[in-house]
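Text of input39.cif (mmCIF, C-alpha atoms) as supplied:
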data_structure
loop_
_atom_site.group_PDB
_atom_site.id
_atom_site.type_symbol
_atom_site.label_atom_id
_atom_site.label_comp_id
_atom_site.auth_asym_id
_atom_site.auth_seq_id
_atom_site.Cartn_x
_atom_site.Cartn_y
_atom_site.Cartn_z
ATOM 1 C CA MET A 1 0.000 0.000 0.000
ATOM 2 C CA THR A 2 1.188 3.507 -0.826
ATOM 3 C CA ALA A 3 1.902 6.039 1.889
ATOM 4 C CA VAL A 4 -0.353 9.069 1.711
ATOM 5 C CA PHE A 5 0.788 12.456 2.906
ATOM 6 C CA ASP A 6 -0.677 15.897 2.420
ATOM 7 C CA TRP A 7 0.826 17.889 -0.440
ATOM 8 C CA ASP A 8 4.021 19.616 0.540
ATOM 9 C CA GLU A 9 5.526 21.878 -2.127
ATOM 10 C CA THR A 10 9.008 21.619 -0.600
ATOM 11 C CA ARG A 11 8.881 17.802 -0.643
ATOM 12 C CA GLY A 12 7.527 17.921 -4.199
ATOM 13 C CA ALA A 13 10.468 20.077 -5.289
ATOM 14 C CA GLU A 14 12.883 17.655 -3.581
ATOM 15 C CA ILE A 15 11.354 14.695 -5.435
ATOM 16 C CA ILE A 16 11.651 16.518 -8.758
ATOM 17 C CA ALA A 17 15.286 17.423 -8.054
ATOM 18 C CA GLU A 18 16.156 13.859 -6.929
ATOM 19 C CA HIS A 19 15.055 12.383 -10.246
ATOM 20 C CA ALA A 20 15.705 15.224 -12.691
ATOM 21 C CA GLY A 21 18.813 13.647 -14.253
ATOM 22 C CA GLN A 22 17.262 10.257 -15.010
ATOM 23 C CA GLU A 23 16.209 9.002 -18.434
ATOM 24 C CA GLY A 24 12.464 9.418 -18.844
ATOM 25 C CA ALA A 25 12.435 11.618 -15.766
ATOM 26 C CA THR A 26 8.887 12.904 -16.267
ATOM 27 C CA LEU A 27 7.411 9.428 -15.758
ATOM 28 C CA VAL A 28 9.822 8.624 -12.948
ATOM 29 C CA ILE A 29 8.922 11.846 -11.143
ATOM 30 C CA LEU A 30 5.167 11.346 -11.560
ATOM 31 C CA HIS A 31 5.532 7.845 -10.083
ATOM 32 C CA ALA A 32 7.652 9.184 -7.201
ATOM 33 C CA LEU A 33 5.132 11.932 -6.472
ATOM 34 C CA GLN A 34 2.314 9.401 -6.416
ATOM 35 C CA GLU A 35 4.314 7.136 -4.122
ATOM 36 C CA ALA A 36 4.945 10.020 -1.728
ATOM 37 C CA PHE A 37 1.480 11.597 -1.753
ATOM 38 C CA GLY A 38 -0.794 8.721 -2.787
ATOM 39 C CA HIS A 39 -1.663 10.631 -5.973
ATOM 40 C CA VAL A 40 -0.145 13.250 -8.254
ATOM 41 C CA PRO A 41 -1.225 16.570 -6.772
ATOM 42 C CA GLN A 42 -2.471 19.079 -9.349
ATOM 43 C CA ALA A 43 0.011 21.635 -7.967
ATOM 44 C CA ALA A 44 2.901 19.355 -8.958
ATOM 45 C CA ILE A 45 2.115 19.460 -12.691
ATOM 46 C CA PRO A 46 3.394 23.034 -13.271
ATOM 47 C CA MET A 47 6.443 22.299 -11.101
ATOM 48 C CA VAL A 48 7.381 19.306 -13.265
ATOM 49 C CA ALA A 49 6.730 21.335 -16.415
ATOM 50 C CA LYS A 50 8.985 24.160 -15.257
ATOM 51 C CA ALA A 51 11.790 21.768 -14.249
ATOM 52 C CA PHE A 52 11.945 20.303 -17.774
ATOM 53 C CA ASN A 53 10.960 23.364 -19.801
ATOM 54 C CA LEU A 54 7.750 21.653 -20.869
ATOM 55 C CA SER A 55 4.271 23.059 -21.096
ATOM 56 C CA ARG A 56 1.749 22.154 -18.439
ATOM 57 C CA ALA A 57 -0.266 20.528 -21.218
ATOM 58 C CA GLU A 58 2.638 18.212 -22.091
ATOM 59 C CA VAL A 59 3.016 17.026 -18.489
ATOM 60 C CA HIS A 60 -0.752 16.742 -18.104
ATOM 61 C CA GLY A 61 -0.784 14.676 -21.303
ATOM 62 C CA VAL A 62 1.704 12.213 -19.811
ATOM 63 C CA PHE A 63 -0.241 12.133 -16.545
ATOM 64 C CA THR A 64 -3.571 11.397 -18.224
ATOM 65 C CA PHE A 65 -2.175 8.909 -20.766
ATOM 66 C CA TYR A 66 -1.117 6.399 -18.103
ATOM 67 C CA HIS A 67 -4.006 4.824 -16.188
ATOM 68 C CA ASP A 68 -2.034 4.233 -12.976
ATOM 69 C CA PHE A 69 -1.721 7.921 -12.102
ATOM 70 C CA ARG A 70 -4.397 9.261 -9.775
ATOM 71 C CA HIS A 71 -5.910 12.714 -9.195
ATOM 72 C CA LYS A 72 -6.673 11.825 -5.584
ATOM 73 C CA PRO A 73 -5.440 9.135 -3.163
ATOM 74 C CA ALA A 74 -6.734 5.583 -3.572
ATOM 75 C CA GLY A 75 -8.557 3.697 -0.864
ATOM 76 C CA ARG A 76 -6.785 1.470 1.653
ATOM 77 C CA HIS A 77 -6.962 -1.390 -0.869
ATOM 78 C CA VAL A 78 -6.849 -1.277 -4.653
ATOM 79 C CA LEU A 79 -8.664 -3.948 -6.647
ATOM 80 C CA LYS A 80 -7.760 -3.869 -10.330
ATOM 81 C CA LEU A 81 -9.811 -5.870 -12.796
ATOM 82 C CA CYS A 82 -8.322 -6.718 -16.168
ATOM 83 C CA ARG A 83 -10.377 -5.242 -18.991
ATOM 84 C CA ALA A 84 -8.272 -6.564 -21.903
ATOM 85 C CA GLU A 85 -9.846 -8.680 -24.634
ATOM 86 C CA ALA A 86 -8.795 -12.096 -23.287
ATOM 87 C CA CYS A 87 -10.303 -11.345 -19.890
ATOM 88 C CA GLN A 88 -13.450 -9.889 -21.439
ATOM 89 C CA ALA A 89 -13.877 -13.015 -23.569
ATOM 90 C CA ALA A 90 -13.508 -15.194 -20.459
ATOM 91 C CA GLY A 91 -16.267 -13.439 -18.497
ATOM 92 C CA GLY A 92 -14.527 -10.299 -17.287
ATOM 93 C CA ASP A 93 -17.435 -8.002 -18.136
ATOM 94 C CA ALA A 94 -19.792 -9.877 -15.824
ATOM 95 C CA LEU A 95 -17.182 -9.910 -13.057
ATOM 96 C CA ALA A 96 -16.608 -6.161 -13.406
ATOM 97 C CA ALA A 97 -20.362 -5.564 -13.182
ATOM 98 C CA ARG A 98 -20.519 -7.821 -10.107
ATOM 99 C CA ALA A 99 -17.650 -5.946 -8.412
ATOM 100 C CA GLU A 100 -19.298 -2.599 -9.144
ATOM 101 C CA ALA A 101 -22.587 -3.820 -7.686
ATOM 102 C CA ARG A 102 -20.999 -5.355 -4.581
ATOM 103 C CA LEU A 103 -18.852 -2.315 -3.842
ATOM 104 C CA GLY A 104 -21.426 0.271 -4.872
ATOM 105 C CA VAL A 105 -18.976 2.145 -7.114
ATOM 106 C CA SER A 106 -18.135 2.119 -10.803
ATOM 107 C CA LEU A 107 -14.685 1.326 -12.146
ATOM 108 C CA GLY A 108 -12.256 4.144 -11.417
ATOM 109 C CA ASN A 109 -13.826 5.080 -8.090
ATOM 110 C CA THR A 110 -13.373 4.530 -4.365
ATOM 111 C CA THR A 111 -15.969 3.332 -1.872
ATOM 112 C CA ALA A 112 -17.483 5.955 0.435
ATOM 113 C CA ASP A 113 -15.563 4.527 3.407
ATOM 114 C CA ASP A 114 -12.242 4.857 1.491
ATOM 115 C CA ARG A 115 -11.547 1.145 1.936
ATOM 116 C CA VAL A 116 -11.515 -0.025 -1.684
ATOM 117 C CA THR A 117 -10.627 1.597 -4.976
ATOM 118 C CA LEU A 118 -11.904 -0.363 -7.968
ATOM 119 C CA GLU A 119 -9.824 0.224 -11.083
ATOM 120 C CA PRO A 120 -9.687 -1.104 -14.600
ATOM 121 C CA ILE A 121 -6.332 -2.302 -15.872
ATOM 122 C CA TYR A 122 -5.650 -3.105 -19.480
ATOM 123 C CA CYS A 123 -3.560 -6.261 -19.244
ATOM 124 C CA LEU A 124 -1.940 -8.083 -16.386
ATOM 125 C CA GLY A 125 -0.185 -10.574 -18.661
ATOM 126 C CA LEU A 126 -2.279 -13.449 -17.355
ATOM 127 C CA CYS A 127 -4.183 -14.114 -20.576
ATOM 128 C CA ALA A 128 -3.781 -17.889 -20.235
ATOM 129 C CA THR A 129 -5.539 -17.733 -16.854
ATOM 130 C CA ALA A 130 -8.167 -15.137 -17.742
ATOM 131 C CA PRO A 131 -10.054 -13.433 -16.291
ATOM 132 C CA SER A 132 -7.579 -11.884 -13.910
ATOM 133 C CA ALA A 133 -7.292 -9.254 -11.224
ATOM 134 C CA MET A 134 -4.807 -7.657 -8.862
ATOM 135 C CA LEU A 135 -5.437 -6.832 -5.213
ATOM 136 C CA ASP A 136 -2.834 -4.569 -3.628
ATOM 137 C CA GLY A 137 -0.191 -5.781 -6.081
ATOM 138 C CA ARG A 138 -1.038 -9.486 -5.737
ATOM 139 C CA LEU A 139 -1.966 -11.142 -9.037
ATOM 140 C CA ILE A 140 -4.990 -13.432 -9.242
ATOM 141 C CA GLY A 141 -5.802 -15.572 -12.268
ATOM 142 C CA ARG A 142 -8.774 -17.777 -13.078
ATOM 143 C CA LEU A 143 -11.089 -15.290 -11.407
ATOM 144 C CA ASP A 144 -14.677 -16.410 -10.973
ATOM 145 C CA GLN A 145 -17.597 -15.100 -8.912
ATOM 146 C CA LYS A 146 -16.543 -16.965 -5.787
ATOM 147 C CA ARG A 147 -12.915 -15.764 -5.945
ATOM 148 C CA LEU A 148 -14.049 -12.220 -6.728
ATOM 149 C CA ASP A 149 -16.387 -12.195 -3.741
ATOM 150 C CA ALA A 150 -13.531 -13.434 -1.530
ATOM 151 C CA LEU A 151 -11.241 -10.651 -2.816
ATOM 152 C CA ILE A 152 -13.898 -8.021 -2.154
ATOM 153 C CA ALA A 153 -14.490 -9.375 1.350
ATOM 154 C CA GLU A 154 -10.732 -9.320 2.018
ATOM 155 C CA ALA A 155 -10.457 -5.731 0.817
ATOM 156 C CA GLN A 156 -13.432 -4.593 2.891
ATOM 157 C CA ARG A 157 -12.019 -5.935 6.162
#

Is it possible to express this structure as structure tokens?
Amino acid sequence: MTAVFDWDETRGAEIIAEHAGQEGATLVILHALQEAFGHVPQAAIPMVAKAFNLSRAEVHGVFTFYHDFRHKPAGRHVLKLCRAEACQAAGGDALAARAEARLGVSLGNTTADDRVTLEPIYCLGLCATAPSAMLDGRLIGRLDQKRLDALIAEAQR
């Protein structure tokens, strides 16, 4: 689980400076900011842009292109359901609908009690064991209704 701290401009500037010399630094910095704050704070986007002489739109474009970056912190647990074709063909659509109904949120949202964030993911590399999911970084293949219900119960505890 990711640590979540309130936005701190000084810490944000330190993170940007720590990674500024790395290849692909924009992505690395966005990941580091999310690790530190539980999301990429909106105030960090212009700071990253300024550090690399990019427009805010360019950094925002990178931020929005990758599905793992968040505008706000995730819940205590993150349940990701694979939405790629192999998982859809193996019953993933019905499982996603079941998860949404059980949790009371649609994909991309967090339960009202901040316990579970339900996210789509577009391939976990488990096509041979589709449908698949990930709970807090743990991969699960051969997902069915019973296993999904057990994952949801685990995340809600």

Checklist entry - Care to translate the PyMOL selection byres ((chain A and resi 37-46) around 6) into actual residues of this file, as a ChimeraX atom specification? => result /A:2,4-5,33-36,47-49,56,70-73

Could those residues be written to a file, using C-alpha atoms, as a short mmCIF file (atom, residue, chain, number, x, y, z; two decimals), in the frame of the given file?
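The result, stored in result_13.cif:
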data_model
loop_
_atom_site.label_atom_id
_atom_site.label_comp_id
_atom_site.auth_asym_id
_atom_site.auth_seq_id
_atom_site.Cartn_x
_atom_site.Cartn_y
_atom_site.Cartn_z
CA THR A 2 1.19 3.51 -0.83
CA VAL A 4 -0.35 9.07 1.71
CA PHE A 5 0.79 12.46 2.91
CA LEU A 33 5.13 11.93 -6.47
CA GLN A 34 2.31 9.40 -6.42
CA GLU A 35 4.31 7.14 -4.12
CA ALA A 36 4.94 10.02 -1.73
CA MET A 47 6.44 22.30 -11.10
CA VAL A 48 7.38 19.31 -13.26
CA ALA A 49 6.73 21.34 -16.42
CA ARG A 56 1.75 22.15 -18.44
CA ARG A 70 -4.40 9.26 -9.78
CA HIS A 71 -5.91 12.71 -9.20
CA LYS A 72 -6.67 11.82 -5.58
CA PRO A 73 -5.44 9.14 -3.16
#

Original post:
How would you write, as a list in words, the residues chosen by the PyMOL selection byres ((chain A and resi 29) around 10) on this structure?
Top reply: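 With the shown file as input, the PyMOL selection byres ((chain A and resi 29) around 10) matches Gly12, Ile15, Ile16, Ala17, Glu18, His19, Ala20, Gln22, Gly24, Ala25, Thr26, Leu27, Val28, Leu30, His31, Ala32, Leu33, Gln34, Glu35, Val40, Ala44 and Val48 of chain A.
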
Item checked: Residue members of the PyMOL selection byres ((chain A and resi 115) around 10) in the file shown, as a PyMOL selection string -> chain A and resi 74-78+103+110-114+116-117+155-157

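Distance-wise, atom CA of Ala89 of chain A and atom CA of Leu143 of chain A end up 12.7 Å apart.
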
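Among A:Leu79, A:Leu118, A:Ala99, A:Ala13, the residue with the shortest atom-to-atom distance to Leu135 of chain A, counting only C-alpha atoms, is A:Leu79.
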
Expressed in Å, the length from atom CA of Phe52 of chain A to atom CA of Asp68 of chain A is 21.8 Å

Shell around segment 129-133 of chain A at 6 Å using only C-alpha atoms, local window under 2 positions removed, as an NGL selection string = :A and (80-82 or 87 or 90 or 92 or 126-127 or 140-143)

Q: Taking the point (-13.0, -1.0, -14.0) as given in the file, collect each protein or nucleic acid residue that comes within 6 Å of it, counting all atoms listed in the file, and present the set as a list in words.
A: Leu81, Leu107, Gly108, Glu119 and Pro120 of chain A

Atom CA of Met134 of chain A and atom CA of Arg102 of chain A, how far apart in Å?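 The value is 16.9 Å.
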
Grab all the atoms of segment 74-81 of chain A that the file lists, wrap them in a box along x, y and z, add 4 Å per side, and give me centre plus edge lengths in Å (one decimal) as AutoDock Vina command-line options.
--center_x -8.3 --center_y -0.1 --center_z -5.6 --size_x 11.1 --size_y 19.5 --size_z 22.4

Ala97 of chain A proximity check over A:Gln145, A:Leu54, A:Asp6, A:Glu14, using all atoms listed in the file: winner is A:Gln145

- Query: Which residue out of A:Ser55, A:Asn109, A:Asp149, A:Lys50 has the minimum interatomic distance to Leu95 of chain A when all atoms listed in the file are used?
  - Reply: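 With all atoms listed in the file as the atom set, the closest residue is A:Asp149.
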